[in-house]
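All remarks here apply to the structure that follows.
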Amino acid sequence: MKQASLAHIAVVVAVLAAVPLLTASNVVLNFLVVALLIALVGQGWNVLGGYGGQYSFGHAAFFGTGAYVSAILQTRYGVNAWAAFALGIAGGALVGALIGALTFRSGLKGSYFALVTLAFAEVLRILASVAPITGAGVGILITLDLRPQAFQFQSRAPFYWIILALLAVSFLIVRLIEQSRFGAWLVAVRENEEAAKAVGVNTQRVKLAAMTISAAITAAGGAFYAQYFLFVDSGIAYGPWISIEALLAPIVGGIGTTFGPLLGALVVKMLGELTKLVTGDAPGLDLVIYGGVLILIVAFAPRGIAGLIADLRLRFARARPRLRERAHG
Amino acid sequence: MAEPLLRLERVCKRFDGLLAVDNASFAVEAGRITALIGPNGAGKTTLFSIISGFLTPSEGHIFHGGAEITGMPPHLLARRGIVRTFQVAQPFAGLSVHENIAIGAHLSRRARADALAAAAEVASAVGLGDLLGRPAASLTVAGRKRLELARALAAGPELLLLDEVLAGLNPSEVAAMVPIIRALAERGITILMIEHVMQAVMRLAEHVFVLAQGRIIAEGAPQAVVDDAVVIEAYLGHGAAARLSAAGGAHV
Amino acid sequence: MLSPIILVPAVLNGLLTGAVYGLVALGLTLIYGVLHIINFAHGALLTAAMFAAFFAHRLLGLDPYLAALGLTPLFFALGYGLQRFVIGPAAHGEDRNILLVTLALAVVIENALLYVFGADTRTLNLAYAFDVVDVGVAFLALPRVIGFGVVLAVALVLWLILALTDTGKAIRAVAKEKLGAELSGIDVAHVYAVTFGLGTACLAIAACLLIPTYYVNPHIGNAFVLVAFTIVVLGGMGSVTGALIGGLFVGVVESLCGLYLGESLGQIGIFIMFILVLLLRPSGLFGERA
């Protein structure tokens with residue numbers, strides 16, 4: 001797969017940045033904010049799962065930690081919202097590093113890794129649903145304070161540009177990984193861990209670093225969520241829904257690619273909205289569709305939409321000379 | 001006498017009561033090709049896994065240039081210059097030949113471009129120069145064996161552990177591979193090879209160790225070893241040496 | 001310390017609950033042992049079975065124990081079909097894909113139930129639900145005692161199937177040496193599907209044993225499935241006796257944790273045990289080291 005260049009990234013970000021200038025529709029912007037949020041969370045999963053081949057079923061652990069750390073610091077300790085946001089990311093990274101250190105040291109991989117990440121997220125969810133500091137069953141409401149200093153805005157456009165900026169940073173991080181020795185090692189771990197060890201790759205350390213970066217990116221999504229919706233509870237923060245969205249976006253879009261999570265998040269969220277249009281806001285139906293899409297993608301397009309596009313392009317490139325011949329003939 | 005490059009001292013490995021390696025002691029001298037031969041199930045690959053850090057010995061010690069390396073993990077041993085290949089080739093299946101070799105080259109090169117350039121050089125040295133862009137998964141057995149060798153080589157080994165790099169190749173492929181391995185030795189890389197293709201062992205190795213049922217049962221120059229009655233019996237069963245010499249000369 | 005008067009009934013109740021956990025885990029471990037995959041849809045399939053048992057009574061008036069006779073073959077067929085026509089073909093033989101497909105199935109089943117039946121929690125009010133058996137040292141709920149007996153019977157039947165029938169032998173052959181079994185003419189895709197069917201059938205029985213004393217909602221399976229995972233990991237992945245013993249053990253641990261820590265923290269006890277076991281001894285306490 002061809003890697004995305006800086007020019008590609010610049011074009012994609014510029015096009016997306018122009019959207020609020022074209023429409024003031026809250027519905028459109030709200031849709032895009034949520035889609036880009038899922039793209040960001042999915043990009044986190046993509047670093048570990050797509051590039052490193054370690055499939056986590058518990059990215060909620062990082063999303064939720066980002067959301068809770070940021071919300072708790074603001075509401076209980078009066079920390080500035082922007083600082084709380086940064087600390088939320090740090091908190092998520094720390095949780096990622098801890099879980100990574102424990103699981104990789106024990107040599108857990110494949111389905112064991114998926115299982116244990118899922119269990120960690122569930123433990124955190126249950127703890128958050130009973131602990132006083134997380135607001136137990138009630139959750140945390142962040143006080144309304146519509147000032148930029150408080151990371152709150154009158155309109156949706158600033159939120160949109162912020163989540164886009166975060167996503168842009170994640171593109172750059174992924175590109176940096178692709179271009180570096182660390183990235184080569186990470187992909188080597190995905191492809192064949194034993195062979196990687198034999199040529200001097202410290203596979204544990206590579207996986208741990210990937211998990212920490214992955215957790216930090218996903219935690220940024222969580223902290224942004226808290227700021228945008230001004231509410232967090234245990235089901236939102238640590239619930240299985242976000243673990244599923246985190247892996248769905250990159251897998252649908254194209255695993256191990258820069259733009260896969262964005263592509264996947266847009267498609268999946270669009271499908272979700274279409275479902276709602278057709279059937280009304282019935283709980284559960286959007287997830288039924290997501291699950292179905294996931295099965296179809298795994299069955300028929302294992303490299304996701306990006307892979308499909310690449311295949312089509314290849315076929316087109318092969319067909320073109322023939323067309324030309326025909327035109328000349 | 002100078003300290004050998006690699007020295008094993010009474011190494012044992014047990015798997016649930018099964019003694020796979022039994023008190024193996026031997027030394028590999030720097031700068032030459034040493035072969036480790038023995039019948040199937042003798043424990044050769046287990047011994048390789050122990051030397052390269054993939055398994056920890058149950059007992060015994062391993063020294064690299066005099067320093068103890070027992071129990072060191074594979075990646076640290078690779079950084080010390082001890083690099084292995086795998087009997088069943090283990091390519092990074094989703095990557096190209098070029099990228100595969102570059103992973104090895106990254107061990108001593110941080111920049112992507114440097115690693116890729118070094119990888120291209122190594123590829124042409126082992127005859128993979130024309131296949132750089134091919135996906136590793138599409139290679140033939142012979143191609144995979146070369147890739148296995150190239151990747152290890154790109155890591156810049158001082159001691160190269162080759163686990164049956166000739167197995168599964170046809171005679172002309174073997175003939176093509178032999179000079180490549182010899183050229184490595186001439187460049188100063190010490191080679192310890194497990195090999196079943198005896199013809200190649202005779203042509204390449206300067207010193208041979210024979211492992212049977214986990215024990216080193218013989219060692220010496222290749223010709224001396226294959227003429228050794230103990231070795232013949234280990235391969236062909238008890239009484240085989242006597243039967244062979246009665247039949248008029250031993251040829252393995 | 002609590003006195004034996006409280007402790008003994010807690011242990012006995014734990015054993016009874018643990019037997020049903022063991023049955024859920026048995027299905028999971030059977031599938032793992034043969035297909036070498038973790039079936040993430042196990043919990044959702046249990047939920048589906050509990051809904052089926054619930055409505056068999058609500059709509060058809062069938063007693064859950066009677067419904068088991070019909071639901072068991074039905075869920076066997078469902079499991080067979082899922083593996084044969086969905087999981088198998090979709091996964092292209094890649095472990096990572098199997099993980100995703102079973103996860104996706106779980107999401108589909110769970111949310112389809114949510115969509116159709118809503119998030120409400122439902123209970124059956126059976127006449128015998130509160131009957132008790134006096135065993136001298138404690139009063140035990142009758143449905144749980146029946147459940148305990150049925151689980152032992154099911155385990156025995158399963159063991160006989162595996163040990164004596166041709167299908168059982170084929171299953172064991174595939175579990176041990178897939179390639180060899182394939183080469184000697186065993187239809188591996190069929191064996192996989194049969195195994196998946198057996199594992200799913202265990203869930204139908206477990207559901208019918210649970211429904212008289214338990215409630216059902218679209219997320220109920222999750223509670224059981226992580227317990228089942230814990231048991232499977234504890235008992236050794238793929239070990240049938242390990243699943244049963246592990247089930248009993250976890251039932252007792254949960255019962256005692258509940259006694260000392262309260263209901264919701266009792267559940268955390270299980271998760272923490274699960275994580276510790278995975279981290280420290282991934283091959284299980286009773287199983288062999290991988």
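How things are named: the first chain in the structure tokens is A, the next is B, and so on; residues count from 1 in each chain; ligands count from 1 in the order shown.
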Inset, instruction - Find the residues near stretch 140-149 of chain A: any atom within 9 Å, counting only C-alpha atoms, skip ones fewer than 4 places away on the same chain, and give them as a list in words. - result: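 Final neighbour list, sorted by chain and number: Tyr68, Ala71, Ile72, Gln74, Thr75, Asn80, Ala81, Trp82, Thr134, Gly135, Ala136, Phe153, Gln154, Ala226, Gln227, Phe229, Leu230, Phe231, Val232 and Asp233 of chain A.
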Inset, instruction - Select residues of chain C: the criterion is any atom within 6 Å of an atom of chain A, counting only C-alpha atoms; output as a ChimeraX atom specification. - result: /C:90,101,104,107-108,111,114-115,279
Please write the residues from the selection above to a file, keeping N, CA and C atoms, as a tab-separated table (two decimals), in the first residue's frame.
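New file part-v5.tsv:
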```
chain	number	residue	atom	x	y	z
C	90	ALA	N	-16.37	-16.35	6.30
C	90	ALA	CA	-15.99	-14.94	6.40
C	90	ALA	C	-14.56	-14.78	6.90
C	101	VAL	N	-15.15	-11.50	13.54
C	101	VAL	CA	-16.47	-11.98	13.12
C	101	VAL	C	-17.30	-12.38	14.33
C	104	ALA	N	-18.44	-9.29	15.99
C	104	ALA	CA	-19.50	-8.66	15.20
C	104	ALA	C	-20.82	-9.40	15.40
C	107	VAL	N	-22.34	-8.34	18.60
C	107	VAL	CA	-22.94	-7.01	18.50
C	107	VAL	C	-24.30	-7.11	17.80
C	108	VAL	N	-24.35	-7.88	16.71
C	108	VAL	CA	-25.60	-8.00	15.94
C	108	VAL	C	-26.69	-8.66	16.79
C	111	ASN	N	-27.83	-6.49	19.89
C	111	ASN	CA	-28.58	-5.29	19.56
C	111	ASN	C	-29.87	-5.57	18.80
C	114	LEU	N	-32.11	-6.12	21.56
C	114	LEU	CA	-32.44	-4.82	22.16
C	114	LEU	C	-33.48	-4.10	21.31
C	115	TYR	N	-33.31	-4.17	20.00
C	115	TYR	CA	-34.21	-3.48	19.09
C	115	TYR	C	-35.61	-4.09	19.16
C	279	LEU	N	-2.73	-13.09	33.33
C	279	LEU	CA	-1.38	-12.53	33.34
C	279	LEU	C	-0.36	-13.50	33.91
```
Set the cut-off to 9 Å and count only C-alpha atoms: what are the residues of chain A that reach chain B? Output as a CSV table (one decimal) with N, CA and C atoms, in the first residue's frame.
```csv
chain,number,residue,atom,x,y,z
A,179,GLN,N,7.4,6.3,8.5
A,179,GLN,CA,8.7,6.7,8.0
A,179,GLN,C,9.9,6.3,8.9
A,180,SER,N,9.6,5.8,10.0
A,180,SER,CA,10.7,5.6,11.0
A,180,SER,C,11.0,4.1,11.2
A,181,ARG,N,12.2,3.9,11.8
A,181,ARG,CA,12.6,2.6,12.2
A,181,ARG,C,11.6,1.9,13.1
A,182,PHE,N,11.1,2.7,14.1
A,182,PHE,CA,10.1,2.2,15.0
A,182,PHE,C,8.9,1.6,14.2
A,184,ALA,N,8.9,0.5,11.1
A,184,ALA,CA,9.3,-0.8,10.4
A,184,ALA,C,9.3,-1.9,11.4
A,185,TRP,N,9.8,-1.7,12.6
A,185,TRP,CA,9.8,-2.7,13.6
A,185,TRP,C,8.4,-3.1,14.1
A,187,VAL,N,5.6,-3.0,12.3
A,187,VAL,CA,5.0,-3.8,11.2
A,187,VAL,C,5.6,-5.2,11.2
A,188,ALA,N,6.9,-5.2,11.5
A,188,ALA,CA,7.6,-6.5,11.6
A,188,ALA,C,7.0,-7.4,12.7
A,189,VAL,N,6.7,-6.8,13.8
A,189,VAL,CA,6.0,-7.5,14.9
A,189,VAL,C,4.7,-8.0,14.5
A,190,ARG,N,3.9,-7.2,13.7
A,190,ARG,CA,2.6,-7.6,13.3
A,190,ARG,C,2.8,-8.8,12.3
A,191,GLU,N,3.8,-8.8,11.4
A,191,GLU,CA,3.9,-9.8,10.4
A,191,GLU,C,4.5,-11.1,11.0
A,192,ASN,N,5.4,-11.0,11.9
A,192,ASN,CA,6.0,-12.3,12.4
A,192,ASN,C,6.9,-11.9,13.6
A,193,GLU,N,6.4,-12.1,14.8
A,193,GLU,CA,7.1,-11.6,16.0
A,193,GLU,C,8.4,-12.4,16.2
A,194,GLU,N,8.4,-13.7,16.0
A,194,GLU,CA,9.6,-14.5,16.2
A,194,GLU,C,10.7,-14.0,15.3
A,195,ALA,N,10.4,-13.8,14.0
A,195,ALA,CA,11.4,-13.4,13.1
A,195,ALA,C,11.9,-12.0,13.5
A,196,ALA,N,11.1,-11.2,14.0
A,196,ALA,CA,11.5,-9.8,14.4
A,196,ALA,C,12.5,-9.9,15.5
A,197,LYS,N,12.2,-10.8,16.5
A,197,LYS,CA,13.2,-11.0,17.6
A,197,LYS,C,14.5,-11.4,17.1
A,198,ALA,N,14.5,-12.3,16.1
A,198,ALA,CA,15.8,-12.9,15.6
A,198,ALA,C,16.7,-11.9,15.0
A,199,VAL,N,16.1,-10.8,14.5
A,199,VAL,CA,17.0,-9.7,13.9
A,199,VAL,C,17.1,-8.5,14.8
A,200,GLY,N,16.9,-8.8,16.1
A,200,GLY,CA,17.2,-7.7,17.1
A,200,GLY,C,16.1,-6.8,17.5
A,201,VAL,N,14.9,-7.1,17.1
A,201,VAL,CA,13.8,-6.2,17.5
A,201,VAL,C,13.4,-6.5,19.0
A,202,ASN,N,13.4,-5.5,19.8
A,202,ASN,CA,12.9,-5.7,21.2
A,202,ASN,C,11.3,-5.6,21.1
A,203,THR,N,10.7,-6.8,20.8
A,203,THR,CA,9.3,-6.7,20.4
A,203,THR,C,8.4,-6.2,21.6
```
Legend entry - Exercise: C:Lys169 partners within 12 Å, only C-alpha atoms, chain neighbours under 2 positions left out, as an MDAnalysis selection string: chainID C and resid 34 159:167 171:176 181 186 191 195
Inset, instruction - Do a neighbour search on A:Gly222 at 7 Å with only C-alpha atoms, toss out local chain neighbours closer than 6 positions, and write the hits as JSON, numbers by chain. - result: {"A": [63, 64, 66, 67]}
Keeping only N, CA and C atoms, write those residues as a compact mmCIF listing (two decimals), in the first residue's frame.
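Below is the file part-v7.txt, written as the result:
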```
# COMPACT_ATOMS: atom_id res chain seq x y z
N PHE A 63 -10.16 5.68 26.18
CA PHE A 63 -11.15 6.73 25.91
C PHE A 63 -11.74 7.23 27.22
N GLY A 64 -12.16 6.28 28.05
CA GLY A 64 -12.81 6.63 29.31
C GLY A 64 -11.87 7.34 30.26
N GLY A 66 -9.30 9.21 29.44
CA GLY A 66 -9.16 10.57 28.94
C GLY A 66 -10.35 11.43 29.35
N ALA A 67 -11.55 10.89 29.19
CA ALA A 67 -12.77 11.65 29.51
C ALA A 67 -12.87 11.93 31.00
```
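Among the candidate residues B:Ala30, B:Phe209, B:Phe15, B:Arg7, the one lying nearest to chain C is B:Phe15, with distances computed using only C-alpha atoms.
When only C-alpha atoms are used to compute distances to C:Leu103, the closest of the residues A:Glu273, A:Ala220, A:Ser56, A:Ala24 turns out to be A:Ser56.
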Legend entry - Residues within 8 Å of A:Ala249, only C-alpha atoms, excluding chain neighbours under 2 positions, as an NGL selection string: :A and (38-39 or 42 or 245-247 or 251-253 or 260-265 or 268)
Would you save the residues from that selection as an mmCIF file, in the first residue's frame, using C-alpha atoms?
```cif
data_model
loop_
_atom_site.group_PDB
_atom_site.id
_atom_site.type_symbol
_atom_site.label_atom_id
_atom_site.label_comp_id
_atom_site.auth_asym_id
_atom_site.auth_seq_id
_atom_site.Cartn_x
_atom_site.Cartn_y
_atom_site.Cartn_z
ATOM 1 C CA ILE A 38 -14.611 8.418 16.033
ATOM 2 C CA ALA A 39 -11.902 8.744 13.366
ATOM 3 C CA GLY A 42 -10.084 4.736 15.591
ATOM 4 C CA GLU A 245 -16.392 1.954 17.222
ATOM 5 C CA ALA A 246 -12.634 2.242 17.768
ATOM 6 C CA LEU A 247 -11.925 -0.931 15.820
ATOM 7 C CA ILE A 251 -11.196 -1.961 9.768
ATOM 8 C CA VAL A 252 -13.968 -0.616 7.557
ATOM 9 C CA GLY A 253 -11.781 2.167 6.172
ATOM 10 C CA GLY A 260 -8.450 4.381 6.901
ATOM 11 C CA PRO A 261 -9.955 5.431 10.244
ATOM 12 C CA LEU A 262 -11.322 8.697 8.782
ATOM 13 C CA LEU A 263 -12.810 6.938 5.767
ATOM 14 C CA GLY A 264 -14.292 4.212 7.950
ATOM 15 C CA ALA A 265 -15.708 6.619 10.518
ATOM 16 C CA VAL A 268 -20.021 3.996 9.385
#
```
Inset, instruction - Please identify all polymer residues within 8 Å of stretch 167-170 of chain A, counting only C-alpha atoms, omitting same-chain residues fewer than 5 positions from it, and present them as number ranges by chain. - result: A: 9, 13, 36, 39-40, 43, 217
Legend entry - Selection near B:Glu9, 12 Å with only C-alpha atoms, sequence-local residues under 6 positions removed, as a list in words: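 What passes the distance filter is Val21, Asp22, Asn23, Ala24, Ser25, Phe26, Ala27, Val28, Ile51, Pro57, Glu59, Gly60, His61, Ile62, Phe63, His64, Gly66, Glu68, Ile69, Thr70 and Ile216 of chain B.
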Would you save the residues of that selection, restricted to C-alpha atoms, as a CSV table (one decimal), in the first residue's frame?
```
chain,number,residue,atom,x,y,z
B,21,VAL,CA,19.7,-31.6,25.0
B,22,ASP,CA,21.9,-33.6,27.3
B,23,ASN,CA,25.1,-32.1,28.6
B,24,ALA,CA,26.2,-30.6,25.3
B,25,SER,CA,29.6,-28.9,25.5
B,26,PHE,CA,31.3,-27.5,22.4
B,27,ALA,CA,33.1,-24.5,21.0
B,28,VAL,CA,32.9,-22.6,17.7
B,51,ILE,CA,22.1,-20.3,21.6
B,57,PRO,CA,18.7,-23.9,29.0
B,59,GLU,CA,21.3,-26.2,33.0
B,60,GLY,CA,24.6,-25.1,31.7
B,61,HIS,CA,26.3,-22.0,30.5
B,62,ILE,CA,26.9,-20.2,27.2
B,63,PHE,CA,29.7,-17.8,26.5
B,64,HIS,CA,30.2,-15.3,23.7
B,66,GLY,CA,34.3,-15.1,27.0
B,68,GLU,CA,28.3,-15.3,29.7
B,69,ILE,CA,25.2,-14.9,27.6
B,70,THR,CA,23.0,-17.6,29.1
B,216,ILE,CA,27.5,-34.6,21.3
```
Legend entry - alpha helix (DSSP H) call set, DSSP backbone run, stretch 23-226 of chain A, as a VMD selection string: chain A and resid 26 to 45 60 to 77 81 to 105 110 to 130 157 to 179 181 to 191 193 to 198 203 to 226
Suppose we keep C-alpha atoms; can you now write the selection as a CSV table (one decimal), in the first residue's frame?
```
chain,number,residue,atom,x,y,z
A,26,ASN,CA,-25.7,22.4,13.1
A,27,VAL,CA,-26.9,19.0,12.0
A,28,VAL,CA,-24.0,18.7,9.4
A,29,LEU,CA,-21.4,20.0,11.8
A,30,ASN,CA,-22.6,17.9,14.7
A,31,PHE,CA,-22.4,14.8,12.4
A,32,LEU,CA,-18.9,15.7,11.3
A,33,VAL,CA,-17.7,16.4,14.8
A,34,VAL,CA,-18.8,13.0,15.9
A,35,ALA,CA,-17.5,11.3,12.8
A,36,LEU,CA,-14.0,13.0,13.2
A,37,LEU,CA,-14.1,12.1,16.9
A,38,ILE,CA,-14.6,8.4,16.0
A,39,ALA,CA,-11.9,8.7,13.4
A,40,LEU,CA,-9.5,10.0,16.0
A,41,VAL,CA,-10.4,7.2,18.5
A,42,GLY,CA,-10.1,4.7,15.6
A,43,GLN,CA,-6.7,6.2,14.6
A,44,GLY,CA,-5.5,5.3,18.1
A,45,TRP,CA,-6.7,1.7,17.7
A,60,ALA,CA,-12.7,2.1,26.0
A,61,ALA,CA,-10.2,1.9,28.9
A,62,PHE,CA,-8.2,4.7,27.2
A,63,PHE,CA,-11.1,6.7,25.9
A,64,GLY,CA,-12.8,6.6,29.3
A,65,THR,CA,-9.7,7.5,31.2
A,66,GLY,CA,-9.2,10.6,28.9
A,67,ALA,CA,-12.8,11.7,29.5
A,68,TYR,CA,-12.8,11.1,33.3
A,69,VAL,CA,-9.4,12.6,34.1
A,70,SER,CA,-10.3,15.7,32.2
A,71,ALA,CA,-13.8,16.0,33.7
A,72,ILE,CA,-12.7,15.2,37.2
A,73,LEU,CA,-9.8,17.7,37.2
A,74,GLN,CA,-12.1,20.4,36.0
A,75,THR,CA,-15.1,19.8,38.2
A,76,ARG,CA,-13.4,18.7,41.4
A,77,TYR,CA,-10.0,20.4,41.4
A,81,ALA,CA,-10.0,22.9,31.0
A,82,TRP,CA,-7.2,23.0,28.5
A,83,ALA,CA,-4.7,21.7,31.0
A,84,ALA,CA,-7.2,19.1,32.1
A,85,PHE,CA,-7.5,18.1,28.5
A,86,ALA,CA,-3.7,17.6,28.2
A,87,LEU,CA,-3.6,15.7,31.5
A,88,GLY,CA,-6.5,13.5,30.2
A,89,ILE,CA,-4.3,12.5,27.3
A,90,ALA,CA,-1.4,11.8,29.7
A,91,GLY,CA,-3.7,9.7,31.9
A,92,GLY,CA,-4.9,7.6,29.0
A,93,ALA,CA,-1.3,7.1,27.9
A,94,LEU,CA,-0.3,6.0,31.4
A,95,VAL,CA,-3.2,3.5,31.5
A,96,GLY,CA,-2.1,2.2,28.1
A,97,ALA,CA,1.5,1.8,29.3
A,98,LEU,CA,0.4,0.0,32.4
A,99,ILE,CA,-2.0,-2.4,30.7
A,100,GLY,CA,0.6,-2.9,27.9
A,101,ALA,CA,3.4,-3.6,30.4
A,102,LEU,CA,1.3,-6.2,32.2
A,103,THR,CA,-0.1,-8.0,29.1
A,104,PHE,CA,3.0,-8.0,26.9
A,105,ARG,CA,5.2,-9.1,29.8
A,110,GLY,CA,-4.1,-12.8,19.7
A,111,SER,CA,-7.4,-13.7,21.3
A,112,TYR,CA,-5.8,-13.6,24.8
A,113,PHE,CA,-4.8,-10.0,24.2
A,114,ALA,CA,-8.3,-9.1,23.0
A,115,LEU,CA,-9.8,-10.8,26.0
A,116,VAL,CA,-7.7,-9.2,28.6
A,117,THR,CA,-8.1,-5.7,27.2
A,118,LEU,CA,-11.8,-6.2,27.2
A,119,ALA,CA,-11.6,-7.3,30.8
A,120,PHE,CA,-9.6,-4.3,31.8
A,121,ALA,CA,-12.2,-2.0,30.2
A,122,GLU,CA,-15.0,-3.8,32.0
A,123,VAL,CA,-13.2,-3.6,35.4
A,124,LEU,CA,-12.8,0.1,34.9
A,125,ARG,CA,-16.4,0.5,33.9
A,126,ILE,CA,-17.6,-1.3,37.0
A,127,LEU,CA,-15.2,0.7,39.3
A,128,ALA,CA,-16.4,3.9,37.7
A,129,SER,CA,-20.0,3.0,38.2
A,130,VAL,CA,-19.5,2.6,42.0
A,157,ALA,CA,-17.4,25.4,14.3
A,158,PRO,CA,-14.6,25.9,16.8
A,159,PHE,CA,-15.2,22.4,18.2
A,160,TYR,CA,-15.1,21.1,14.7
A,161,TRP,CA,-11.8,22.8,13.9
A,162,ILE,CA,-10.3,21.5,17.2
A,163,ILE,CA,-11.2,17.9,16.5
A,164,LEU,CA,-10.0,18.3,13.0
A,165,ALA,CA,-6.7,19.7,14.3
A,166,LEU,CA,-6.4,16.7,16.7
A,167,LEU,CA,-7.1,14.4,13.8
A,168,ALA,CA,-4.5,16.2,11.6
A,169,VAL,CA,-1.9,15.7,14.4
A,170,SER,CA,-2.8,12.0,14.4
A,171,PHE,CA,-2.2,11.8,10.7
A,172,LEU,CA,1.2,13.3,11.2
A,173,ILE,CA,2.0,10.9,14.0
A,174,VAL,CA,1.0,8.0,11.9
A,175,ARG,CA,3.1,9.3,9.0
A,176,LEU,CA,6.1,9.7,11.3
A,177,ILE,CA,5.6,6.1,12.4
A,178,GLU,CA,5.5,4.9,8.8
A,179,GLN,CA,8.7,6.7,8.0
A,181,ARG,CA,12.6,2.6,12.2
A,182,PHE,CA,10.1,2.2,15.0
A,183,GLY,CA,7.3,1.8,12.4
A,184,ALA,CA,9.3,-0.8,10.4
A,185,TRP,CA,9.8,-2.7,13.6
A,186,LEU,CA,6.1,-2.4,14.6
A,187,VAL,CA,5.0,-3.8,11.2
A,188,ALA,CA,7.6,-6.5,11.6
A,189,VAL,CA,6.0,-7.5,14.9
A,190,ARG,CA,2.6,-7.6,13.3
A,191,GLU,CA,3.9,-9.8,10.4
A,193,GLU,CA,7.1,-11.6,16.0
A,194,GLU,CA,9.6,-14.5,16.2
A,195,ALA,CA,11.4,-13.4,13.1
A,196,ALA,CA,11.5,-9.8,14.4
A,197,LYS,CA,13.2,-11.0,17.6
A,198,ALA,CA,15.8,-12.9,15.6
A,203,THR,CA,9.3,-6.7,20.4
A,204,GLN,CA,8.0,-6.1,23.9
A,205,ARG,CA,9.3,-2.6,23.9
A,206,VAL,CA,7.9,-1.9,20.4
A,207,LYS,CA,4.5,-3.1,21.4
A,208,LEU,CA,4.5,-1.2,24.6
A,209,ALA,CA,5.4,2.0,22.8
A,210,ALA,CA,2.7,1.5,20.2
A,211,MET,CA,0.1,0.8,22.9
A,212,THR,CA,1.1,4.0,24.8
A,213,ILE,CA,0.9,6.1,21.6
A,214,SER,CA,-2.4,4.4,20.7
A,215,ALA,CA,-3.9,5.0,24.1
A,216,ALA,CA,-2.8,8.6,24.1
A,217,ILE,CA,-4.6,9.3,20.7
A,218,THR,CA,-7.7,7.5,21.9
A,219,ALA,CA,-7.7,9.3,25.2
A,220,ALA,CA,-7.6,12.6,23.3
A,221,GLY,CA,-10.9,11.5,21.8
A,222,GLY,CA,-12.3,10.8,25.2
A,223,ALA,CA,-11.2,14.1,26.7
A,224,PHE,CA,-12.7,15.9,23.7
A,225,TYR,CA,-15.9,14.0,24.1
A,226,ALA,CA,-16.2,15.2,27.7
```
Inset, instruction - Among the residues of stretch 16-252 of chain B, find those DSSP assigns to strand (DSSP E) from the backbone and print them as a VMD selection string. - result: chain B and resid 18 to 28 33 to 37 59 to 64 67 to 68 82 to 84 159 to 163 190 to 194 207 to 212 215 to 220
Inset, instruction - Kindly give the distance, in Å, that separates atom CA of B:Arg32 and atom CA of B:Thr190, rounded to a single decimal. - result: 5.3 Å
Inset, instruction - State, in Å with one decimal place, the distance from atom CA of C:Ile31 to atom CA of C:Ile109. - result: 18.7 Å
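Picture a line from atom CA of C:Ala129 to atom CA of C:Cys208; it runs 12.8 Å.
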